[in-house]
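Asker: Enclosed is the structure file structure31.csv (CSV, C-alpha atoms).
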```
chain,number,residue,atom,x,y,z
A,1,MET,CA,4.1,1.2,80.2
A,2,ALA,CA,5.6,4.5,79.3
A,3,GLU,CA,3.4,7.5,78.6
A,4,ILE,CA,2.8,8.3,75.0
A,5,VAL,CA,3.8,11.8,74.3
A,6,LYS,CA,2.5,14.0,71.5
A,7,LEU,CA,5.2,16.0,69.9
A,8,LEU,CA,5.8,18.5,67.1
A,9,VAL,CA,9.1,18.0,65.3
A,10,THR,CA,9.8,20.9,62.9
A,11,GLY,CA,12.2,20.2,60.1
A,12,ALA,CA,11.1,16.6,60.1
A,13,ALA,CA,12.2,16.1,56.5
A,14,GLY,CA,15.6,17.5,57.3
A,15,PHE,CA,18.7,15.6,58.4
A,16,ILE,CA,18.6,15.9,62.2
A,17,GLY,CA,14.8,16.2,62.2
A,18,PHE,CA,14.3,12.9,60.3
A,19,HIS,CA,16.5,10.9,62.6
A,20,THR,CA,15.1,12.5,65.8
A,21,ALA,CA,11.5,11.9,64.6
A,22,ARG,CA,12.2,8.3,63.7
A,23,ARG,CA,13.8,7.6,67.1
A,24,LEU,CA,10.7,9.2,68.9
A,25,LEU,CA,8.4,7.0,66.8
A,26,GLU,CA,10.4,3.9,67.5
A,27,ARG,CA,9.9,4.4,71.2
A,28,GLY,CA,6.1,4.8,70.8
A,29,ASP,CA,5.5,8.6,70.8
A,30,GLU,CA,3.0,10.4,68.5
A,31,VAL,CA,4.8,12.7,66.2
A,32,VAL,CA,3.5,15.5,63.9
A,33,GLY,CA,6.3,16.4,61.5
A,34,LEU,CA,6.4,19.9,59.9
A,35,ASP,CA,8.5,21.0,57.0
A,36,ASN,CA,8.2,23.4,54.1
A,37,LEU,CA,10.2,21.2,51.7
A,38,ASN,CA,12.1,24.1,50.2
A,39,ALA,CA,14.6,23.7,47.5
A,40,TYR,CA,17.7,24.7,49.4
A,41,TYR,CA,18.8,21.2,48.6
A,42,ASP,CA,17.3,18.3,46.7
A,43,PRO,CA,13.6,18.0,47.7
A,44,ALA,CA,13.6,14.3,46.5
A,45,LEU,CA,16.0,13.5,49.4
A,46,LYS,CA,13.5,15.1,51.9
A,47,ALA,CA,10.7,13.2,50.3
A,48,ALA,CA,12.6,9.9,50.7
A,49,ARG,CA,13.1,10.6,54.4
A,50,LEU,CA,9.4,11.4,54.8
A,51,ASP,CA,8.5,8.1,53.1
A,52,ILE,CA,10.3,6.3,55.9
A,53,LEU,CA,8.6,8.3,58.6
A,54,ARG,CA,5.2,7.7,57.0
A,55,GLN,CA,5.6,4.0,57.6
A,56,TYR,CA,4.9,4.6,61.3
A,57,PRO,CA,1.2,4.8,62.1
A,58,ALA,CA,1.8,7.5,64.8
A,59,PHE,CA,3.4,9.9,62.3
A,60,ARG,CA,1.6,12.7,60.5
A,61,PHE,CA,3.1,15.2,58.1
A,62,VAL,CA,2.2,18.9,57.8
A,63,LYS,CA,3.6,20.9,55.0
A,64,ALA,CA,3.9,24.5,56.3
A,65,ASP,CA,6.3,27.4,56.5
A,66,LEU,CA,7.5,28.5,59.9
A,67,ALA,CA,7.2,32.1,58.7
A,68,ASP,CA,3.5,31.8,58.0
A,69,ARG,CA,2.1,33.0,61.3
A,70,GLU,CA,-1.5,32.1,60.6
A,71,SER,CA,-0.7,28.5,59.7
A,72,MET,CA,1.5,28.1,62.8
A,73,ASP,CA,-1.2,29.5,65.0
A,74,ILE,CA,-3.8,27.1,63.6
A,75,LEU,CA,-1.4,24.1,63.9
A,76,PHE,CA,-0.6,24.8,67.6
A,77,GLN,CA,-4.2,25.5,68.6
A,78,ALA,CA,-5.5,22.3,66.8
A,79,GLU,CA,-2.9,19.9,68.0
A,80,LYS,CA,-2.1,20.8,71.6
A,81,PHE,CA,1.4,19.4,71.6
A,82,GLN,CA,2.9,18.4,74.9
A,83,ARG,CA,6.5,19.0,73.7
A,84,VAL,CA,8.2,20.6,70.7
A,85,VAL,CA,11.5,19.8,69.1
A,86,HIS,CA,12.3,22.8,66.8
A,87,LEU,CA,14.9,21.7,64.3
A,88,ALA,CA,13.7,23.5,61.2
A,89,ALA,CA,15.9,26.4,60.1
A,90,GLN,CA,17.6,27.9,57.1
A,91,ALA,CA,20.9,26.0,57.5
A,92,GLY,CA,24.3,26.6,56.0
A,93,VAL,CA,27.0,29.1,57.2
A,94,ARG,CA,28.1,30.1,53.7
A,95,TYR,CA,24.6,30.5,52.2
A,96,SER,CA,23.9,33.1,54.8
A,97,ILE,CA,26.5,35.4,53.3
A,98,THR,CA,24.6,35.4,49.9
A,99,HIS,CA,21.0,35.0,51.1
A,100,PRO,CA,20.7,36.9,54.4
A,101,HIS,CA,16.9,37.6,54.2
A,102,ALA,CA,16.2,33.8,54.1
A,103,TYR,CA,17.9,33.5,57.5
A,104,VAL,CA,16.0,36.2,59.3
A,105,GLN,CA,12.6,35.0,57.8
A,106,SER,CA,13.1,31.4,58.8
A,107,ASN,CA,15.4,31.5,61.9
A,108,VAL,CA,14.1,34.6,63.6
A,109,THR,CA,10.5,35.2,62.5
A,110,GLY,CA,9.9,31.4,62.2
A,111,PHE,CA,11.4,30.9,65.7
A,112,LEU,CA,9.1,33.6,67.1
A,113,HIS,CA,6.0,31.8,65.7
A,114,VAL,CA,7.1,28.5,67.2
A,115,ILE,CA,7.8,29.9,70.7
A,116,GLU,CA,4.6,31.9,70.6
A,117,GLY,CA,2.7,28.7,69.8
A,118,CYS,CA,4.4,27.0,72.8
A,119,ARG,CA,3.5,29.9,75.0
A,120,HIS,CA,-0.2,30.1,74.2
A,121,ASN,CA,-0.8,26.3,74.1
A,122,ALA,CA,0.7,25.1,77.4
A,123,VAL,CA,3.7,23.2,75.8
A,124,GLU,CA,5.6,21.7,78.6
A,125,HIS,CA,9.1,21.9,77.0
A,126,LEU,CA,10.6,23.4,73.9
A,127,VAL,CA,14.0,22.0,72.7
A,128,TYR,CA,15.5,23.9,69.8
A,129,ALA,CA,18.6,23.8,67.6
A,130,SER,CA,21.4,26.2,68.1
A,131,THR,CA,24.9,25.8,66.7
A,132,SER,CA,28.6,25.7,67.5
A,133,SER,CA,28.8,28.7,65.1
A,134,VAL,CA,27.7,31.0,67.9
A,135,TYR,CA,31.2,30.7,69.4
A,136,GLY,CA,32.4,32.8,66.5
A,137,SER,CA,35.9,34.3,67.1
A,138,ASN,CA,36.4,32.4,70.3
A,139,THR,CA,39.8,30.5,70.3
A,140,ARG,CA,39.8,29.0,73.8
A,141,MET,CA,39.3,25.2,73.5
A,142,PRO,CA,37.2,23.3,74.2
A,143,PHE,CA,34.2,25.6,73.7
A,144,SER,CA,32.2,25.8,76.9
A,145,GLU,CA,28.7,27.1,77.5
A,146,GLN,CA,30.2,29.5,80.0
A,147,GLN,CA,32.1,31.4,77.3
A,148,ASN,CA,30.9,34.7,75.9
A,149,VAL,CA,29.2,34.3,72.5
A,150,ASP,CA,28.7,37.9,71.5
A,151,HIS,CA,31.1,37.9,68.5
A,152,PRO,CA,29.4,35.8,65.8
A,153,LEU,CA,31.2,35.7,62.4
A,154,THR,CA,28.1,35.0,60.2
A,155,LEU,CA,24.5,36.0,60.1
A,156,TYR,CA,23.6,32.4,60.5
A,157,ALA,CA,25.4,32.3,63.8
A,158,ALA,CA,23.8,35.7,64.8
A,159,THR,CA,20.3,34.3,64.1
A,160,LYS,CA,21.0,31.3,66.3
A,161,LYS,CA,22.3,33.5,69.1
A,162,ALA,CA,19.1,35.5,68.7
A,163,ASN,CA,17.1,32.3,69.2
A,164,GLU,CA,18.9,31.7,72.5
A,165,LEU,CA,18.1,35.3,73.7
A,166,MET,CA,14.4,35.0,72.6
A,167,ALA,CA,14.1,31.7,74.4
A,168,HIS,CA,15.4,33.3,77.6
A,169,SER,CA,13.0,36.1,77.4
A,170,TYR,CA,10.0,33.7,77.0
A,171,SER,CA,11.3,31.5,79.8
A,172,SER,CA,11.6,34.5,82.0
A,173,LEU,CA,8.3,36.2,81.1
A,174,TYR,CA,6.0,33.1,80.8
A,175,GLY,CA,7.8,30.3,82.7
A,176,LEU,CA,8.2,28.3,79.4
A,177,PRO,CA,10.9,25.7,79.8
A,178,THR,CA,13.4,26.0,76.9
A,179,THR,CA,16.5,24.1,76.1
A,180,GLY,CA,18.9,25.1,73.3
A,181,LEU,CA,21.4,22.6,71.9
A,182,ARG,CA,24.5,23.9,70.2
A,183,PHE,CA,25.2,21.2,67.5
A,184,PHE,CA,28.8,20.5,66.4
A,185,THR,CA,29.3,19.3,62.8
A,186,VAL,CA,26.8,16.5,62.5
A,187,TYR,CA,27.4,13.8,59.9
A,188,GLY,CA,26.0,10.4,58.9
A,189,PRO,CA,23.5,8.6,56.7
A,190,TRP,CA,20.7,10.8,55.1
A,191,GLY,CA,23.0,13.8,55.6
A,192,ARG,CA,22.7,17.2,53.8
A,193,PRO,CA,24.1,17.4,50.3
A,194,ASP,CA,25.7,20.8,51.1
A,195,MET,CA,27.9,19.4,53.8
A,196,ALA,CA,31.5,18.4,53.4
A,197,LEU,CA,31.2,14.6,53.7
A,198,PHE,CA,28.5,14.5,51.1
A,199,LEU,CA,30.4,16.8,48.7
A,200,PHE,CA,33.7,14.9,49.2
A,201,THR,CA,32.1,11.5,48.6
A,202,LYS,CA,30.3,12.7,45.4
A,203,ASN,CA,33.4,14.2,43.9
A,204,ILE,CA,35.8,11.5,44.9
A,205,LEU,CA,33.6,8.9,43.2
A,206,ALA,CA,33.3,11.0,40.1
A,207,GLY,CA,37.0,11.5,39.9
A,208,ALA,CA,36.6,15.3,40.5
A,209,PRO,CA,38.8,17.3,42.9
A,210,ILE,CA,37.5,18.3,46.3
A,211,ASP,CA,37.9,21.8,47.7
A,212,VAL,CA,39.8,21.7,51.0
A,213,PHE,CA,39.7,25.0,52.7
A,214,ASN,CA,42.4,26.4,55.0
A,215,GLY,CA,44.8,23.9,53.5
A,216,GLY,CA,43.0,21.1,55.4
A,217,HIS,CA,44.2,22.4,58.7
A,218,HIS,CA,40.7,22.8,60.1
A,219,GLN,CA,39.8,20.6,63.1
A,220,ARG,CA,36.1,19.8,63.6
A,221,ASP,CA,34.2,18.1,66.4
A,222,PHE,CA,32.5,15.7,64.0
A,223,THR,CA,29.5,14.1,65.7
A,224,TYR,CA,27.6,11.1,64.4
A,225,ILE,CA,23.8,11.5,63.8
A,226,ASP,CA,22.7,8.7,66.1
A,227,ASP,CA,24.6,10.2,69.0
A,228,ILE,CA,23.0,13.6,68.2
A,229,ALA,CA,19.4,12.2,68.1
A,230,GLN,CA,19.9,10.3,71.4
A,231,GLY,CA,21.1,13.5,73.0
A,232,VAL,CA,18.2,15.6,71.6
A,233,ILE,CA,15.7,13.2,73.1
A,234,ALA,CA,17.5,12.8,76.4
A,235,ALA,CA,17.4,16.6,76.7
A,236,LEU,CA,13.7,16.7,75.7
A,237,ASP,CA,12.8,14.3,78.4
A,238,LYS,CA,14.2,16.5,81.1
A,239,ALA,CA,12.5,19.9,81.0
A,240,ALA,CA,14.7,22.9,81.8
A,241,ALA,CA,14.3,24.2,85.3
A,242,PRO,CA,15.4,27.3,87.1
A,243,ASP,CA,19.0,27.2,88.5
A,244,LEU,CA,18.5,27.9,92.2
A,245,LYS,CA,22.2,28.8,92.5
A,246,TRP,CA,22.1,31.3,89.6
A,247,ASP,CA,23.8,34.6,90.7
A,248,SER,CA,23.1,37.8,88.8
A,249,ASP,CA,26.4,39.2,90.0
A,250,ALA,CA,28.3,36.4,88.4
A,251,PRO,CA,25.8,35.1,85.8
A,252,ASP,CA,26.2,31.7,84.2
A,253,PRO,CA,25.3,32.1,80.5
A,254,ALA,CA,24.1,28.5,80.2
A,255,THR,CA,21.5,28.7,83.0
A,256,SER,CA,19.1,31.2,84.6
A,257,SER,CA,16.7,31.9,87.4
A,258,ALA,CA,14.2,31.1,84.7
A,259,PRO,CA,13.6,27.6,83.3
A,260,TYR,CA,16.2,28.0,80.6
A,261,ARG,CA,19.2,25.9,79.6
A,262,ILE,CA,21.9,25.9,76.9
A,263,TYR,CA,24.0,22.8,76.2
A,264,ASN,CA,26.8,21.9,73.8
A,265,ILE,CA,26.1,18.6,72.0
A,266,GLY,CA,29.3,17.3,70.3
A,267,ASN,CA,31.6,14.3,70.1
A,268,GLN,CA,34.2,16.0,72.4
A,269,ARG,CA,37.1,14.8,70.2
A,270,PRO,CA,38.1,17.2,67.4
A,271,VAL,CA,39.5,15.6,64.2
A,272,ALA,CA,41.7,17.2,61.6
A,273,LEU,CA,40.0,17.7,58.3
A,274,LEU,CA,42.7,15.8,56.4
A,275,ARG,CA,42.2,12.8,58.8
A,276,TYR,CA,38.5,12.9,58.0
A,277,ILE,CA,39.3,12.8,54.3
A,278,GLU,CA,41.8,10.0,54.8
A,279,VAL,CA,39.1,7.9,56.5
A,280,LEU,CA,36.7,8.6,53.7
A,281,GLU,CA,39.3,7.6,51.1
A,282,GLN,CA,39.8,4.3,53.0
A,283,CYS,CA,36.0,3.6,53.0
A,284,LEU,CA,35.7,4.4,49.3
A,285,GLY,CA,38.9,2.7,48.3
A,286,LYS,CA,39.8,5.7,46.2
A,287,GLN,CA,42.1,8.6,46.6
A,288,ALA,CA,40.9,12.2,46.6
A,289,GLN,CA,42.3,14.9,44.4
A,290,LYS,CA,42.7,17.8,46.8
A,291,ASN,CA,42.2,21.4,45.7
A,292,LEU,CA,43.9,23.2,48.7
A,293,LEU,CA,42.3,26.6,49.2
A,294,PRO,CA,42.6,29.4,51.8
A,295,MET,CA,40.1,29.9,54.7
A,296,GLN,CA,36.6,30.9,53.6
A,297,LEU,CA,34.8,34.0,54.7
A,298,GLY,CA,33.0,33.3,58.0
A,299,ASP,CA,34.8,30.0,58.7
A,300,VAL,CA,36.5,29.3,62.0
A,301,PRO,CA,39.8,27.2,62.2
A,302,ASP,CA,38.6,24.7,64.9
A,303,THR,CA,35.6,23.5,66.9
A,304,TRP,CA,35.7,21.3,70.0
A,305,ALA,CA,32.8,20.8,72.3
A,306,ASN,CA,32.8,20.5,76.1
A,307,ALA,CA,29.6,18.5,76.5
A,308,ASP,CA,30.2,17.6,80.2
A,309,ALA,CA,27.0,19.4,81.2
A,310,LEU,CA,24.8,17.4,78.9
A,311,ALA,CA,26.5,14.2,80.1
A,312,ARG,CA,25.9,15.2,83.7
A,313,ASP,CA,22.3,16.3,83.4
A,314,VAL,CA,20.8,13.8,80.9
A,315,GLY,CA,23.4,11.0,80.5
A,316,TYR,CA,24.6,12.1,77.0
A,317,ARG,CA,27.4,9.7,75.9
A,318,PRO,CA,28.5,9.9,72.2
A,319,GLY,CA,30.0,6.6,71.3
A,320,THR,CA,30.4,6.3,67.6
A,321,GLU,CA,33.9,6.2,66.3
A,322,LEU,CA,34.7,8.3,63.2
A,323,GLU,CA,35.7,5.2,61.2
A,324,LEU,CA,32.4,3.5,61.8
A,325,GLY,CA,30.4,6.7,61.2
A,326,VAL,CA,32.0,7.5,57.9
A,327,LYS,CA,31.6,3.8,56.8
A,328,ASN,CA,27.9,3.9,57.6
A,329,PHE,CA,27.5,7.1,55.6
A,330,VAL,CA,29.4,5.7,52.6
A,331,GLU,CA,27.3,2.5,52.7
A,332,TRP,CA,24.1,4.6,52.8
A,333,TYR,CA,25.3,6.9,50.0
A,334,LEU,CA,26.2,4.0,47.7
A,335,SER,CA,22.8,2.2,48.3
A,336,TYR,CA,20.8,5.4,47.8
A,337,TYR,CA,22.5,7.0,44.8
A,338,HIS,CA,24.1,3.9,43.0
A,339,PRO,CA,26.9,6.0,41.5
A,340,PRO,CA,28.2,4.7,38.2
A,341,SER,CA,31.7,4.2,39.4
A,342,GLN,CA,30.5,1.6,41.9
A,343,SER,CA,28.2,-0.4,39.6
```
Could you rewrite the structure in this file as structure tokens?
Answerer:
Amino acid sequence: MAEIVKLLVTGAAGFIGFHTARRLLERGDEVVGLDNLNAYYDPALKAARLDILRQYPAFRFVKADLADRESMDILFQAEKFQRVVHLAAQAGVRYSITHPHAYVQSNVTGFLHVIEGCRHNAVEHLVYASTSSVYGSNTRMPFSEQQNVDHPLTLYAATKKANELMAHSYSSLYGLPTTGLRFFTVYGPWGRPDMALFLFTKNILAGAPIDVFNGGHHQRDFTYIDDIAQGVIAALDKAAAPDLKWDSDAPDPATSSAPYRIYNIGNQRPVALLRYIEVLEQCLGKQAQKNLLPMQLGDVPDTWANADALARDVGYRPGTELELGVKNFVEWYLSYYHPPSQS
């Protein structure tokens, strides 16, 4: 019988946090879920996710803000988590341009409180969310963990790069195993309403035009949520260890002489945005009215993950085809929202 692990999952009412927590609960772990349930998007959707998690006896929810140092100190001291999956953050690339302070408070100060809690309470492994946005102005494809990521194009990306640097300092100073996962365009059921698939579906069903930036010539490494959750947990189960071959004269940015690791986690197959929309149209049985617009401030033309390292080290194997993933999202959306055009 497998050992029952006690975990903290921050952002448990969020998209990736919800799916990860549910998968951990299904395999028998004890999960404390933390979220501040802010109004960045519809709190009712977050509450509905929590209602599902609360059906598991081994789940408990704590409403708290990462930036509240005292609350975080008390939580870590009281619970003595074995492992931590830190997925809470102020999300959204474009929102960071208009609300920069929210990103520093949640993504930098909040991250500090989480990693301090891990340090002082003998947490055996911290896995945290980074982002493909750290690749910024890089144009060499596919994106590799060995590339330089010192040129972020948004504050959101800069805060996530800061998390990676903070994690390395704690791994070096205190021997805390940390693993950062650079997520690539996650989509699927229970997704965030500010993301493209959600916005497109809502507008197409309502007969409203959809905004298609860069004339639809973007390519994105769309990655299905079930594949992401599987990869997060596989990484969690293998604590980061020092790279015995690490060479300071030719440093590998993804590893270290400290117990520190950075991985890409993506589908490894970029898809043109117009193809993504075409698949959605097929699933909805309805054509989109496309409002073709120029590139947005802070956007990058393409993303494409090289996830070979995660596959090699923990067996990560994304297997969900785009057509199935979009179909699953549409079926969830219709059953959850019951839009009038489908009744």
Asker: Env of A:His113: 12 Å cut, atoms = only C-alpha atoms, seq-sep filter 5 positions within chain, self excluded. Answer as a ChimeraX atom specification.
Answerer: /A:10,65-76,86,105-108,118-120,163,166-167
Asker: Counting only C-alpha atoms, which of A:Ile228, A:Val330, A:Ala250, A:Leu284 gets nearest to A:Thr185?
Answerer: A:Ile228
Asker: Given the choices A:Asn214, A:Thr178, A:Asn264, A:Thr201, which gets closest to A:Gln289 if the distance is worked out from only C-alpha atoms?
Answerer: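 With only C-alpha atoms as the atom set, the closest residue is A:Thr201.
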Asker: Once you count only C-alpha atoms, what closest atom pair and distance in Å to one decimal does each residue of stretch 168-195 of chain A within 8 Å of stretch 216-227 of chain A have, with rows by chain and rising residue number, as CSV?
Answerer:
```
residue,atom,partner,partner_atom,distance
A:Phe184,CA,A:Asp221,CA,5.9
A:Thr185,CA,A:Phe222,CA,5.0
A:Val186,CA,A:Thr223,CA,4.8
A:Tyr187,CA,A:Tyr224,CA,5.3
A:Gly188,CA,A:Ile225,CA,5.5
A:Pro189,CA,A:Ile225,CA,7.7
```
Asker: Taking into account all atoms listed in the file, which residue in the set A:Ala88, A:Val212, A:Leu176, A:Val232 is nearest to A:Phe200?
Answerer: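 Smallest distance to A:Phe200 is found for A:Val212.
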Asker: Between atom CA of A:Thr255 and atom CA of A:Leu165, what is the distance in Å, rounded to a tenth?
Answerer: 11.9 Å
Asker: List as CSV every residue of stretch 140-234 of chain A that is in contact with stretch 122-133 of chain A, defined as an atom at most 7 Å from one of its atoms (using all atoms listed in the file), together with the nearest atom pair and the distance in Å rounded to one decimal, sorted by chain and then rising number.
Answerer:
```
residue,atom,partner,partner_atom,distance
A:Ala157,CA,A:Ser133,CA,5.1
A:Lys160,CA,A:Ser130,CA,5.4
A:Leu176,CA,A:His125,CA,6.9
A:Pro177,CA,A:His125,CA,5.1
A:Thr178,CA,A:Leu126,CA,4.9
A:Thr179,CA,A:Val127,CA,4.7
A:Gly180,CA,A:Tyr128,CA,5.0
A:Leu181,CA,A:Ser130,CA,5.2
A:Arg182,CA,A:Thr131,CA,4.0
A:Phe183,CA,A:Thr131,CA,4.7
A:Phe184,CA,A:Ser132,CA,5.3
```
Asker: Can you write out the residues you just picked, keeping C-alpha atoms, as a PDB file, in the coordinates of the input?
Answerer:
```
ATOM      1  CA  ALA A 157      25.400  32.300  63.800  1.00  0.00           C
ATOM      2  CA  LYS A 160      21.000  31.300  66.300  1.00  0.00           C
ATOM      3  CA  LEU A 176       8.200  28.300  79.400  1.00  0.00           C
ATOM      4  CA  PRO A 177      10.900  25.700  79.800  1.00  0.00           C
ATOM      5  CA  THR A 178      13.400  26.000  76.900  1.00  0.00           C
ATOM      6  CA  THR A 179      16.500  24.100  76.100  1.00  0.00           C
ATOM      7  CA  GLY A 180      18.900  25.100  73.300  1.00  0.00           C
ATOM      8  CA  LEU A 181      21.400  22.600  71.900  1.00  0.00           C
ATOM      9  CA  ARG A 182      24.500  23.900  70.200  1.00  0.00           C
ATOM     10  CA  PHE A 183      25.200  21.200  67.500  1.00  0.00           C
ATOM     11  CA  PHE A 184      28.800  20.500  66.400  1.00  0.00           C
TER      12      PHE A 184
END
```
Asker: Would you mind reading off the distance between atom CA of A:Val31 and atom CA of A:Phe59, one decimal, in Å?
Answerer: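 Pair atom CA of A:Val31 / atom CA of A:Phe59 returns 5.0 Å.
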Asker: Rank A:Asn267, A:Ser335, A:Asn138, A:Gln296 by their smallest atom-to-atom distance to A:Glu321, using all atoms listed in the file, and report the top residue only.
Answerer: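 Result for the nearest residue to A:Glu321: A:Asn267.
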Asker: Listing only residues of stretch 201-305 of chain A within 12 Å of stretch 2-9 of chain A, what is the closest atom pair and its distance in Å (to one decimal) for each, using only C-alpha atoms, sorted by chain and residue number ascending, as a tab-separated table?
Answerer:
```
residue	atom	partner	partner_atom	distance
A:Val232	CA	A:Val9	CA	11.3
A:Ile233	CA	A:Val9	CA	11.3
A:Leu236	CA	A:Leu7	CA	10.3
A:Asp237	CA	A:Val5	CA	10.2
```
Asker: Measuring atom to atom with all atoms listed in the file, identify which of A:Ala272, A:Ile115, A:Leu280, A:Ala58 is nearest to A:Leu197.
Answerer: A:Leu280
Asker: Using all atoms listed in the file, which residue out of A:Leu199, A:Ala64, A:Val271, A:Leu87 lies closest to A:Trp304?
Answerer: A:Val271
Asker: Kindly provide, as a VMD selection string, the polymer residues lying within 12 Å of (29.0, 33.1, 62.1), counting all atoms listed in the file and using the coordinates exactly as they appear in the file.
Answerer: chain A and resid 91 to 97 100 130 to 138 149 to 161 296 to 300
Asker: If you keep C-alpha atoms, can you produce a file of those selected residues as an mmCIF file, keeping the file's coordinate frame?
Answerer:
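Wrote selection-v6.cif, looks like this:
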```
data_model
loop_
_atom_site.group_PDB
_atom_site.id
_atom_site.type_symbol
_atom_site.label_atom_id
_atom_site.label_comp_id
_atom_site.auth_asym_id
_atom_site.auth_seq_id
_atom_site.Cartn_x
_atom_site.Cartn_y
_atom_site.Cartn_z
ATOM 1 C CA ALA A 91 20.900 26.000 57.500
ATOM 2 C CA GLY A 92 24.300 26.600 56.000
ATOM 3 C CA VAL A 93 27.000 29.100 57.200
ATOM 4 C CA ARG A 94 28.100 30.100 53.700
ATOM 5 C CA TYR A 95 24.600 30.500 52.200
ATOM 6 C CA SER A 96 23.900 33.100 54.800
ATOM 7 C CA ILE A 97 26.500 35.400 53.300
ATOM 8 C CA PRO A 100 20.700 36.900 54.400
ATOM 9 C CA SER A 130 21.400 26.200 68.100
ATOM 10 C CA THR A 131 24.900 25.800 66.700
ATOM 11 C CA SER A 132 28.600 25.700 67.500
ATOM 12 C CA SER A 133 28.800 28.700 65.100
ATOM 13 C CA VAL A 134 27.700 31.000 67.900
ATOM 14 C CA TYR A 135 31.200 30.700 69.400
ATOM 15 C CA GLY A 136 32.400 32.800 66.500
ATOM 16 C CA SER A 137 35.900 34.300 67.100
ATOM 17 C CA ASN A 138 36.400 32.400 70.300
ATOM 18 C CA VAL A 149 29.200 34.300 72.500
ATOM 19 C CA ASP A 150 28.700 37.900 71.500
ATOM 20 C CA HIS A 151 31.100 37.900 68.500
ATOM 21 C CA PRO A 152 29.400 35.800 65.800
ATOM 22 C CA LEU A 153 31.200 35.700 62.400
ATOM 23 C CA THR A 154 28.100 35.000 60.200
ATOM 24 C CA LEU A 155 24.500 36.000 60.100
ATOM 25 C CA TYR A 156 23.600 32.400 60.500
ATOM 26 C CA ALA A 157 25.400 32.300 63.800
ATOM 27 C CA ALA A 158 23.800 35.700 64.800
ATOM 28 C CA THR A 159 20.300 34.300 64.100
ATOM 29 C CA LYS A 160 21.000 31.300 66.300
ATOM 30 C CA LYS A 161 22.300 33.500 69.100
ATOM 31 C CA GLN A 296 36.600 30.900 53.600
ATOM 32 C CA LEU A 297 34.800 34.000 54.700
ATOM 33 C CA GLY A 298 33.000 33.300 58.000
ATOM 34 C CA ASP A 299 34.800 30.000 58.700
ATOM 35 C CA VAL A 300 36.500 29.300 62.000
#
```
Asker: Got a sec: who's within 9 Å of A:Cys283, counting all atoms listed in the file, leaving out chain neighbours fewer than 4 positions off, as JSON, numbers by chain?
Answerer: {"A": [278, 279, 323, 326, 327, 330, 331]}
Asker: Residues at most 9 Å from A:Asp247, counting only C-alpha atoms, excluding those fewer than 5 positions away in the same chain, as a PyMOL selection string?
Answerer: chain A and resi 252+256-257
Asker: Rounded to one decimal place, report the atom CA of A:Tyr333-atom CA of A:Ala39 distance in Å.
Answerer: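 Those two atoms sit 20.1 Å apart.
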